>>> print(open('model_30.cif').read())   # mmCIF, N, CA and C atoms
data_work
loop_
_atom_site.label_atom_id
_atom_site.label_comp_id
_atom_site.auth_asym_id
_atom_site.auth_seq_id
_atom_site.Cartn_x
_atom_site.Cartn_y
_atom_site.Cartn_z
N PHE C 1 19.28 -50.71 14.91
CA PHE C 1 19.70 -52.08 15.09
C PHE C 1 21.09 -52.35 14.60
N GLY C 2 21.92 -51.38 14.53
CA GLY C 2 23.30 -51.60 14.13
C GLY C 2 23.50 -51.30 12.67
N SER C 3 24.72 -51.44 12.25
CA SER C 3 25.03 -51.03 10.88
C SER C 3 24.80 -52.15 9.89
N SER C 4 24.59 -51.78 8.66
CA SER C 4 24.20 -52.70 7.60
C SER C 4 25.18 -53.83 7.39
N HIS C 5 26.44 -53.54 7.32
CA HIS C 5 27.39 -54.57 6.96
C HIS C 5 27.60 -55.59 8.08
N LEU C 6 27.21 -55.27 9.29
CA LEU C 6 27.32 -56.24 10.36
C LEU C 6 26.27 -57.34 10.22
N LEU C 7 25.24 -57.08 9.45
CA LEU C 7 24.19 -58.06 9.21
C LEU C 7 24.41 -58.79 7.90
N ALA C 8 25.59 -58.63 7.32
CA ALA C 8 25.86 -59.18 6.00
C ALA C 8 25.80 -60.70 5.99
N LYS C 9 25.29 -61.20 4.88
CA LYS C 9 25.32 -62.63 4.61
C LYS C 9 26.29 -62.81 3.47
N GLY C 10 27.29 -63.62 3.64
CA GLY C 10 28.33 -63.77 2.62
C GLY C 10 28.00 -64.81 1.58
N PRO C 11 29.01 -65.17 0.77
CA PRO C 11 28.82 -66.09 -0.33
C PRO C 11 28.32 -67.47 0.10
N GLN C 12 28.53 -67.84 1.37
CA GLN C 12 28.06 -69.14 1.81
C GLN C 12 26.55 -69.25 1.71
N ARG C 13 25.84 -68.16 1.54
CA ARG C 13 24.39 -68.16 1.42
C ARG C 13 23.95 -68.13 -0.05
N SER C 14 24.86 -68.41 -0.96
CA SER C 14 24.52 -68.36 -2.38
C SER C 14 23.37 -69.29 -2.69
N ARG C 15 22.54 -68.86 -3.62
CA ARG C 15 21.42 -69.70 -4.05
C ARG C 15 21.16 -69.43 -5.54
N SER C 16 20.49 -70.33 -6.15
CA SER C 16 20.21 -70.21 -7.57
C SER C 16 19.23 -69.08 -7.83
N LEU C 17 19.41 -68.39 -8.95
CA LEU C 17 18.47 -67.36 -9.33
C LEU C 17 17.47 -67.87 -10.36
N GLY C 18 17.62 -69.12 -10.79
CA GLY C 18 16.69 -69.69 -11.75
C GLY C 18 15.35 -69.91 -11.07
N TYR C 19 14.34 -69.16 -11.48
CA TYR C 19 13.07 -69.23 -10.78
C TYR C 19 12.43 -70.60 -10.84
N GLY C 20 12.86 -71.45 -11.78
CA GLY C 20 12.36 -72.80 -11.82
C GLY C 20 12.79 -73.61 -10.61
N ASP C 21 13.89 -73.23 -9.98
CA ASP C 21 14.42 -73.95 -8.82
C ASP C 21 13.89 -73.40 -7.51
N VAL C 22 13.25 -72.25 -7.54
CA VAL C 22 12.84 -71.57 -6.32
C VAL C 22 11.32 -71.53 -6.25
N PRO C 23 10.73 -71.93 -5.11
CA PRO C 23 9.26 -71.89 -5.01
C PRO C 23 8.72 -70.48 -5.25
N ALA C 24 7.54 -70.40 -5.86
CA ALA C 24 6.92 -69.12 -6.19
C ALA C 24 6.73 -68.26 -4.95
N ALA C 25 6.48 -68.86 -3.80
CA ALA C 25 6.27 -68.10 -2.57
C ALA C 25 7.51 -67.29 -2.21
N ILE C 26 8.68 -67.85 -2.50
CA ILE C 26 9.92 -67.14 -2.18
C ILE C 26 10.14 -65.98 -3.15
N THR C 27 9.97 -66.22 -4.44
CA THR C 27 10.23 -65.17 -5.43
C THR C 27 9.22 -64.04 -5.33
N SER C 28 8.03 -64.28 -4.79
CA SER C 28 7.04 -63.22 -4.68
C SER C 28 7.23 -62.39 -3.41
N CYS C 29 8.19 -62.76 -2.55
CA CYS C 29 8.43 -62.05 -1.29
C CYS C 29 9.16 -60.74 -1.49
N TRP C 30 9.72 -60.51 -2.67
CA TRP C 30 10.47 -59.29 -2.89
C TRP C 30 10.27 -58.80 -4.31
N ALA C 31 10.41 -57.53 -4.44
CA ALA C 31 10.37 -56.91 -5.76
C ALA C 31 11.62 -56.05 -5.88
N SER C 32 12.29 -56.18 -6.99
CA SER C 32 13.52 -55.43 -7.19
C SER C 32 13.21 -53.94 -7.30
N ALA C 33 13.84 -53.15 -6.44
CA ALA C 33 13.68 -51.70 -6.49
C ALA C 33 14.59 -51.13 -7.57
N LEU C 34 15.73 -51.80 -7.78
CA LEU C 34 16.72 -51.30 -8.72
C LEU C 34 17.67 -52.42 -9.07
N GLU C 35 18.05 -52.50 -10.31
CA GLU C 35 19.11 -53.42 -10.69
C GLU C 35 19.84 -52.87 -11.90
N PHE C 36 21.16 -53.13 -11.93
CA PHE C 36 21.97 -52.72 -13.07
C PHE C 36 23.18 -53.63 -13.15
N LYS C 37 23.73 -53.75 -14.36
CA LYS C 37 24.88 -54.61 -14.59
C LYS C 37 26.13 -53.93 -14.07
N ALA C 38 26.85 -54.64 -13.21
CA ALA C 38 28.09 -54.10 -12.64
C ALA C 38 28.95 -55.26 -12.15
N GLY C 39 30.25 -55.12 -12.38
CA GLY C 39 31.19 -56.12 -11.89
C GLY C 39 31.79 -55.68 -10.56
N ARG C 40 32.28 -56.64 -9.83
CA ARG C 40 32.96 -56.33 -8.57
C ARG C 40 34.41 -56.00 -8.84
N MET C 41 35.01 -55.34 -7.87
CA MET C 41 36.43 -55.04 -7.96
C MET C 41 37.07 -55.43 -6.63
N ASP C 42 38.31 -55.88 -6.70
CA ASP C 42 39.05 -56.25 -5.50
C ASP C 42 39.95 -55.10 -5.11
N TRP C 43 39.98 -54.81 -3.82
CA TRP C 43 40.80 -53.72 -3.29
C TRP C 43 41.73 -54.29 -2.24
N ASP C 44 43.03 -54.07 -2.42
CA ASP C 44 44.00 -54.60 -1.46
C ASP C 44 44.46 -53.54 -0.46
N GLY C 45 43.76 -52.42 -0.41
CA GLY C 45 44.13 -51.33 0.49
C GLY C 45 44.90 -50.23 -0.22
N LYS C 46 45.46 -50.55 -1.38
CA LYS C 46 46.21 -49.57 -2.16
C LYS C 46 45.74 -49.52 -3.61
N LYS C 47 45.39 -50.67 -4.16
CA LYS C 47 45.09 -50.76 -5.58
C LYS C 47 43.79 -51.54 -5.79
N VAL C 48 43.01 -51.09 -6.79
CA VAL C 48 41.76 -51.74 -7.14
C VAL C 48 41.94 -52.46 -8.47
N THR C 49 41.53 -53.74 -8.53
CA THR C 49 41.60 -54.50 -9.77
C THR C 49 40.22 -55.09 -10.07
N ALA C 50 39.89 -55.13 -11.34
CA ALA C 50 38.57 -55.60 -11.76
C ALA C 50 38.47 -57.12 -11.70
N ASP C 51 37.37 -57.58 -11.17
CA ASP C 51 36.98 -58.99 -11.25
C ASP C 51 36.30 -59.11 -12.62
N LYS C 52 36.77 -59.99 -13.47
CA LYS C 52 36.31 -60.06 -14.86
C LYS C 52 34.91 -60.64 -15.03
N ARG C 53 34.34 -61.21 -13.96
CA ARG C 53 33.01 -61.83 -14.10
C ARG C 53 31.93 -60.81 -14.43
N LYS C 54 30.94 -61.29 -15.19
CA LYS C 54 29.77 -60.47 -15.47
C LYS C 54 28.90 -60.48 -14.22
N GLY C 55 28.44 -59.30 -13.81
CA GLY C 55 27.66 -59.23 -12.59
C GLY C 55 26.47 -58.30 -12.70
N LYS C 56 25.72 -58.27 -11.60
CA LYS C 56 24.55 -57.41 -11.53
C LYS C 56 24.34 -57.00 -10.08
N VAL C 57 24.11 -55.72 -9.87
CA VAL C 57 23.74 -55.20 -8.55
C VAL C 57 22.21 -55.20 -8.49
N VAL C 58 21.68 -55.72 -7.39
CA VAL C 58 20.23 -55.74 -7.18
C VAL C 58 19.96 -55.15 -5.80
N LEU C 59 19.02 -54.23 -5.76
CA LEU C 59 18.60 -53.61 -4.51
C LEU C 59 17.10 -53.88 -4.37
N PHE C 60 16.69 -54.46 -3.25
CA PHE C 60 15.28 -54.75 -3.04
C PHE C 60 14.96 -54.77 -1.56
N THR C 61 13.69 -54.60 -1.23
CA THR C 61 13.22 -54.71 0.15
C THR C 61 12.40 -55.97 0.27
N SER C 62 12.76 -56.80 1.23
CA SER C 62 12.05 -58.04 1.49
C SER C 62 10.75 -57.72 2.21
N GLU C 63 9.64 -58.21 1.68
CA GLU C 63 8.35 -57.98 2.33
C GLU C 63 8.30 -58.69 3.68
N GLU C 64 8.88 -59.87 3.74
CA GLU C 64 8.86 -60.67 4.96
C GLU C 64 9.66 -60.00 6.08
N GLU C 65 10.89 -59.60 5.79
CA GLU C 65 11.78 -59.02 6.80
C GLU C 65 11.64 -57.51 6.92
N GLN C 66 11.13 -56.86 5.88
CA GLN C 66 11.09 -55.40 5.79
C GLN C 66 12.50 -54.80 5.89
N LEU C 67 13.46 -55.49 5.31
CA LEU C 67 14.85 -55.03 5.27
C LEU C 67 15.26 -54.86 3.81
N THR C 68 16.12 -53.88 3.57
CA THR C 68 16.61 -53.63 2.22
C THR C 68 17.90 -54.41 2.01
N HIS C 69 17.93 -55.19 0.94
CA HIS C 69 19.09 -56.01 0.60
C HIS C 69 19.85 -55.39 -0.56
N PHE C 70 21.17 -55.39 -0.45
CA PHE C 70 22.07 -55.07 -1.55
C PHE C 70 22.69 -56.40 -1.94
N GLN C 71 22.51 -56.79 -3.18
CA GLN C 71 23.08 -58.06 -3.63
C GLN C 71 23.92 -57.85 -4.87
N TRP C 72 24.98 -58.67 -4.96
CA TRP C 72 25.73 -58.75 -6.19
C TRP C 72 25.55 -60.16 -6.72
N HIS C 73 25.04 -60.24 -7.96
CA HIS C 73 24.78 -61.52 -8.60
C HIS C 73 25.87 -61.81 -9.62
N ASP C 74 26.40 -63.00 -9.60
CA ASP C 74 27.31 -63.48 -10.63
C ASP C 74 26.42 -63.96 -11.77
N ARG C 75 26.41 -63.20 -12.87
CA ARG C 75 25.54 -63.53 -14.00
C ARG C 75 26.00 -64.77 -14.75
N GLU C 76 27.27 -65.13 -14.64
CA GLU C 76 27.77 -66.31 -15.34
C GLU C 76 27.35 -67.59 -14.62
N LYS C 77 27.38 -67.59 -13.29
CA LYS C 77 26.99 -68.77 -12.51
C LYS C 77 25.52 -68.74 -12.10
N ASN C 78 24.87 -67.60 -12.35
CA ASN C 78 23.47 -67.42 -12.01
C ASN C 78 23.24 -67.64 -10.51
N GLU C 79 24.08 -66.96 -9.69
CA GLU C 79 23.95 -67.09 -8.25
C GLU C 79 24.24 -65.78 -7.54
N ILE C 80 23.77 -65.69 -6.31
CA ILE C 80 24.03 -64.51 -5.48
C ILE C 80 25.37 -64.73 -4.79
N ALA C 81 26.31 -63.84 -5.03
CA ALA C 81 27.64 -63.97 -4.45
C ALA C 81 27.83 -63.06 -3.24
N LEU C 82 26.96 -62.05 -3.08
CA LEU C 82 27.05 -61.12 -1.96
C LEU C 82 25.64 -60.66 -1.62
N ASP C 83 25.31 -60.69 -0.33
CA ASP C 83 23.99 -60.25 0.12
C ASP C 83 24.18 -59.48 1.42
N LEU C 84 23.98 -58.16 1.36
CA LEU C 84 24.13 -57.30 2.53
C LEU C 84 22.79 -56.66 2.85
N ILE C 85 22.53 -56.47 4.13
CA ILE C 85 21.38 -55.67 4.56
C ILE C 85 21.89 -54.24 4.64
N VAL C 86 21.24 -53.32 3.93
CA VAL C 86 21.69 -51.93 3.94
C VAL C 86 20.62 -51.03 4.53
N ILE C 87 21.10 -50.09 5.30
CA ILE C 87 20.24 -49.04 5.83
C ILE C 87 20.82 -47.73 5.34
N ASN C 88 20.48 -46.65 5.93
CA ASN C 88 20.93 -45.36 5.38
C ASN C 88 22.39 -45.04 5.69
N ASP C 89 23.17 -46.03 6.09
CA ASP C 89 24.60 -45.78 6.34
C ASP C 89 25.46 -46.17 5.14
N ALA C 90 24.84 -46.46 4.00
CA ALA C 90 25.60 -46.83 2.81
C ALA C 90 25.19 -45.91 1.66
N TYR C 91 26.13 -45.66 0.77
CA TYR C 91 25.81 -44.87 -0.42
C TYR C 91 26.82 -45.16 -1.51
N PHE C 92 26.38 -44.97 -2.76
CA PHE C 92 27.24 -45.14 -3.92
C PHE C 92 27.78 -43.79 -4.33
N GLU C 93 29.04 -43.78 -4.77
CA GLU C 93 29.62 -42.57 -5.35
C GLU C 93 30.58 -42.96 -6.46
N LYS C 94 30.69 -42.10 -7.46
CA LYS C 94 31.59 -42.33 -8.58
C LYS C 94 33.01 -41.98 -8.17
N ILE C 95 33.96 -42.80 -8.62
CA ILE C 95 35.38 -42.50 -8.40
C ILE C 95 35.84 -41.69 -9.62
N GLU C 96 35.92 -40.40 -9.42
CA GLU C 96 36.23 -39.47 -10.53
C GLU C 96 37.65 -39.62 -11.06
N LYS C 97 38.58 -40.09 -10.21
CA LYS C 97 39.97 -40.20 -10.63
C LYS C 97 40.19 -41.26 -11.69
N VAL C 98 39.28 -42.22 -11.80
CA VAL C 98 39.42 -43.30 -12.79
C VAL C 98 38.99 -42.75 -14.15
N LYS C 99 39.90 -42.80 -15.10
CA LYS C 99 39.62 -42.25 -16.43
C LYS C 99 39.43 -43.34 -17.49
N ASP C 100 39.78 -44.60 -17.17
CA ASP C 100 39.69 -45.67 -18.18
C ASP C 100 38.56 -46.66 -17.88
N GLY C 101 37.57 -46.21 -17.15
CA GLY C 101 36.43 -47.07 -16.83
C GLY C 101 35.43 -46.31 -15.98
N ARG C 102 34.36 -46.99 -15.61
CA ARG C 102 33.29 -46.39 -14.82
C ARG C 102 33.25 -47.11 -13.47
N VAL C 103 34.01 -46.59 -12.53
CA VAL C 103 34.18 -47.24 -11.22
C VAL C 103 33.38 -46.49 -10.17
N TYR C 104 32.69 -47.27 -9.35
CA TYR C 104 31.85 -46.73 -8.28
C TYR C 104 32.20 -47.41 -6.97
N LEU C 105 32.01 -46.66 -5.90
CA LEU C 105 32.33 -47.14 -4.56
C LEU C 105 31.06 -47.18 -3.73
N LEU C 106 30.81 -48.34 -3.11
CA LEU C 106 29.76 -48.44 -2.11
C LEU C 106 30.45 -48.21 -0.78
N ARG C 107 30.14 -47.07 -0.18
CA ARG C 107 30.82 -46.64 1.04
C ARG C 107 29.83 -46.70 2.20
N PHE C 108 30.35 -47.03 3.37
CA PHE C 108 29.55 -47.10 4.59
C PHE C 108 30.00 -46.00 5.53
N THR C 109 29.05 -45.23 6.06
CA THR C 109 29.40 -44.12 6.93
C THR C 109 29.67 -44.57 8.36
N SER C 110 29.19 -45.76 8.72
CA SER C 110 29.36 -46.23 10.10
C SER C 110 30.64 -47.04 10.28
N SER C 111 31.41 -47.23 9.21
CA SER C 111 32.66 -47.99 9.31
C SER C 111 33.56 -47.64 8.13
N ASP C 112 34.68 -48.35 8.04
CA ASP C 112 35.61 -48.15 6.93
C ASP C 112 35.33 -49.09 5.77
N LYS C 113 34.25 -49.83 5.82
CA LYS C 113 33.94 -50.81 4.77
C LYS C 113 33.74 -50.10 3.43
N LYS C 114 34.39 -50.64 2.39
CA LYS C 114 34.30 -50.09 1.05
C LYS C 114 34.22 -51.24 0.06
N LEU C 115 33.28 -51.15 -0.86
CA LEU C 115 33.15 -52.15 -1.92
C LEU C 115 33.16 -51.42 -3.25
N PHE C 116 34.03 -51.86 -4.16
CA PHE C 116 34.16 -51.21 -5.45
C PHE C 116 33.48 -52.03 -6.54
N PHE C 117 32.89 -51.32 -7.50
CA PHE C 117 32.18 -51.94 -8.61
C PHE C 117 32.50 -51.18 -9.90
N TRP C 118 32.42 -51.88 -11.01
CA TRP C 118 32.59 -51.23 -12.32
C TRP C 118 31.35 -51.49 -13.14
N MET C 119 30.86 -50.43 -13.76
CA MET C 119 29.63 -50.50 -14.53
C MET C 119 29.83 -51.37 -15.77
N GLN C 120 28.85 -52.24 -16.02
CA GLN C 120 28.86 -53.10 -17.19
C GLN C 120 27.68 -52.80 -18.12
N GLU C 121 26.90 -51.80 -17.78
CA GLU C 121 25.83 -51.38 -18.68
C GLU C 121 26.48 -50.80 -19.92
N THR C 122 25.89 -51.06 -21.10
CA THR C 122 26.51 -50.60 -22.34
C THR C 122 26.45 -49.09 -22.49
N LYS C 123 25.38 -48.47 -22.02
CA LYS C 123 25.24 -47.02 -22.16
C LYS C 123 25.70 -46.32 -20.89
N THR C 124 26.58 -45.34 -21.06
CA THR C 124 27.10 -44.60 -19.92
C THR C 124 26.11 -43.56 -19.41
N GLU C 125 25.16 -43.17 -20.26
CA GLU C 125 24.23 -42.10 -19.89
C GLU C 125 23.40 -42.42 -18.65
N GLY C 126 23.12 -43.69 -18.39
CA GLY C 126 22.25 -44.06 -17.28
C GLY C 126 22.95 -44.20 -15.94
N ASP C 127 24.28 -44.13 -15.92
CA ASP C 127 25.03 -44.36 -14.68
C ASP C 127 24.57 -43.46 -13.53
N GLU C 128 24.51 -42.18 -13.80
CA GLU C 128 24.13 -41.23 -12.75
C GLU C 128 22.73 -41.51 -12.22
N ASP C 129 21.82 -41.90 -13.13
CA ASP C 129 20.45 -42.21 -12.70
C ASP C 129 20.41 -43.43 -11.79
N PHE C 130 21.20 -44.48 -12.13
CA PHE C 130 21.25 -45.67 -11.28
C PHE C 130 21.74 -45.31 -9.87
N ILE C 131 22.81 -44.52 -9.82
CA ILE C 131 23.40 -44.16 -8.53
C ILE C 131 22.45 -43.27 -7.73
N LYS C 132 21.84 -42.32 -8.39
CA LYS C 132 20.89 -41.43 -7.71
C LYS C 132 19.71 -42.23 -7.15
N LYS C 133 19.16 -43.12 -7.97
CA LYS C 133 18.02 -43.92 -7.52
C LYS C 133 18.43 -44.84 -6.38
N PHE C 134 19.62 -45.43 -6.47
CA PHE C 134 20.12 -46.30 -5.39
C PHE C 134 20.17 -45.52 -4.08
N ASN C 135 20.82 -44.37 -4.10
CA ASN C 135 20.98 -43.57 -2.88
C ASN C 135 19.63 -43.08 -2.34
N GLU C 136 18.71 -42.73 -3.23
CA GLU C 136 17.38 -42.31 -2.79
C GLU C 136 16.60 -43.48 -2.19
N THR C 137 16.71 -44.66 -2.80
CA THR C 137 15.96 -45.83 -2.35
C THR C 137 16.33 -46.22 -0.93
N ILE C 138 17.61 -46.16 -0.59
CA ILE C 138 18.01 -46.54 0.76
C ILE C 138 18.08 -45.34 1.70
N ASP C 139 17.63 -44.19 1.22
CA ASP C 139 17.65 -42.96 2.02
C ASP C 139 19.05 -42.68 2.55
N ALA C 140 20.00 -42.73 1.62
CA ALA C 140 21.42 -42.57 1.96
C ALA C 140 21.69 -41.22 2.60
N LYS C 141 22.47 -41.25 3.65
CA LYS C 141 22.94 -40.03 4.32
C LYS C 141 24.38 -39.79 3.87
N ILE C 142 24.52 -39.04 2.80
CA ILE C 142 25.84 -38.81 2.21
C ILE C 142 26.50 -37.64 2.92
N PRO C 143 27.68 -37.90 3.50
CA PRO C 143 28.37 -36.80 4.19
C PRO C 143 28.81 -35.73 3.22
N GLU C 144 28.83 -34.50 3.71
CA GLU C 144 29.29 -33.38 2.88
C GLU C 144 30.78 -33.51 2.64
N LYS C 145 31.18 -33.19 1.42
CA LYS C 145 32.62 -33.19 1.09
C LYS C 145 33.26 -32.00 1.79
N LYS C 146 34.38 -32.27 2.43
CA LYS C 146 35.09 -31.19 3.12
C LYS C 146 35.85 -30.37 2.09
N ALA C 147 35.80 -29.07 2.26
CA ALA C 147 36.55 -28.17 1.38
C ALA C 147 38.03 -28.32 1.68
N PRO C 148 38.86 -28.28 0.65
CA PRO C 148 40.30 -28.37 0.89
C PRO C 148 40.78 -27.20 1.75
N GLU C 149 41.68 -27.53 2.64
CA GLU C 149 42.23 -26.47 3.50
C GLU C 149 43.21 -25.62 2.72
N VAL C 150 43.17 -24.32 3.01
CA VAL C 150 44.05 -23.39 2.29
C VAL C 150 45.23 -23.03 3.13
#
>>> encode(input="model_30.cif", output="structure tokens")
Amino acid sequence: FGSSHLLAKGPQRSRSLGYGDVPAAITSCWASALEFKAGRMDWDGKKVTADKRKGKVVLFTSEEEQLTHFQWHDREKNEIALDLIVINDAYFEKIEKVKDGRVYLLRFTSSDKKLFFWMQETKTEGDEDFIKKFNETIDAKIPEKKAPEV
């Protein structure tokens, strides 16, 4: 049915995460498969800069739609700022070149779409587990890295 990011719902669909504001029927429609604290990063095509807001990545499958959602929550405003439908054309990978932080890229294989995030979890030991579980949950098809030409 097409690629994940084409089905994206942007910030205009923001809603409160306070369960007191949301009917129980809605909150019971999904169960979080994975969540971890991570901030967004802005990319201008050449340089990546951190968005200072506290955030959280949430991955879940909606029982009603049977679609997997990738969401970024603004923890300060308690709202969903990004909601994408993801299929196996997306995957997370660590940006190894960054030495002064823990930066990860959500890459899409069906397009050039790239979203950068920085880990906000206090312990670095769990980063690899979060990324591995994320990629396994969405059945990510990660392309093989090409060997450098000699």
>>> resolve_selection(input="model_30.cif", expression="the PyMOL selection byres ((chain C and resi 68) around 7)", output="ChimeraX atom specification")
/C:59-62,65-67,69-70,84-87
>>> atom_distance(input="model_30.cif", atom1="atom C of Asp44 in chain C", atom2="atom C of Ala140 in chain C")
26.1 Å
>>> atom_distance(input="model_30.cif", atom1="atom C of Trp118 in chain C", atom2="atom N of Lys52 in chain C")
10.1 Å
>>> residues_near_point(input="model_30.cif", point="(26.6, -58.3, -8.3)", cutoff="6.5 Å", atoms="only N, CA and C atoms", output="short mmCIF file (atom, residue, chain, number, x, y, z; two decimals) with N, CA and C atoms, keeping the file's coordinate frame")
data_model
loop_
_atom_site.label_atom_id
_atom_site.label_comp_id
_atom_site.auth_asym_id
_atom_site.auth_seq_id
_atom_site.Cartn_x
_atom_site.Cartn_y
_atom_site.Cartn_z
N ALA C 38 26.85 -54.64 -13.21
CA ALA C 38 28.09 -54.10 -12.64
C ALA C 38 28.95 -55.26 -12.15
N GLY C 39 30.25 -55.12 -12.38
CA GLY C 39 31.19 -56.12 -11.89
C GLY C 39 31.79 -55.68 -10.56
N ARG C 40 32.28 -56.64 -9.83
CA ARG C 40 32.96 -56.33 -8.57
C ARG C 40 34.41 -56.00 -8.84
N GLY C 55 28.44 -59.30 -13.81
CA GLY C 55 27.66 -59.23 -12.59
C GLY C 55 26.47 -58.30 -12.70
N LYS C 56 25.72 -58.27 -11.60
CA LYS C 56 24.55 -57.41 -11.53
C LYS C 56 24.34 -57.00 -10.08
N VAL C 57 24.11 -55.72 -9.87
CA VAL C 57 23.74 -55.20 -8.55
C VAL C 57 22.21 -55.20 -8.49
N VAL C 58 21.68 -55.72 -7.39
CA VAL C 58 20.23 -55.74 -7.18
C VAL C 58 19.96 -55.15 -5.80
N GLN C 71 22.51 -56.79 -3.18
CA GLN C 71 23.08 -58.06 -3.63
C GLN C 71 23.92 -57.85 -4.87
N TRP C 72 24.98 -58.67 -4.96
CA TRP C 72 25.73 -58.75 -6.19
C TRP C 72 25.55 -60.16 -6.72
N HIS C 73 25.04 -60.24 -7.96
CA HIS C 73 24.78 -61.52 -8.60
C HIS C 73 25.87 -61.81 -9.62
N ASP C 74 26.40 -63.00 -9.60
CA ASP C 74 27.31 -63.48 -10.63
C ASP C 74 26.42 -63.96 -11.77
N ALA C 81 26.31 -63.84 -5.03
CA ALA C 81 27.64 -63.97 -4.45
C ALA C 81 27.83 -63.06 -3.24
N LEU C 82 26.96 -62.05 -3.08
CA LEU C 82 27.05 -61.12 -1.96
C LEU C 82 25.64 -60.66 -1.62
#
>>> resolve_selection(input="model_30.cif", expression="the PyMOL selection byres ((chain C and resi 108) around 8)", output="list in words")
Ser4, His5, Asn88, Asp89, Ala90, Tyr91, Phe92, Leu105, Leu106, Arg107, Thr109, Ser110, Ser111, Asp112, Lys113, Lys114 and Leu115 of chain C
>>> atom_distance(input="model_30.cif", atom1="atom C of Glu64 in chain C", atom2="CA of Lys141 in chain C")
24.0 Å
>>> select_by_dssp(input="model_30.cif", residues="range 16-103 of chain C", states="strand (DSSP E)", output="number ranges by chain")
C: 30-43, 48-50, 55-62, 68-74, 79-86, 90-94, 103
>>> closest_residue(input="model_30.cif", among="C:Trp43, C:Asn78, C:Arg102, C:Ile142", to="Gly126 in chain C", atoms="only C-alpha atoms")
C:Arg102
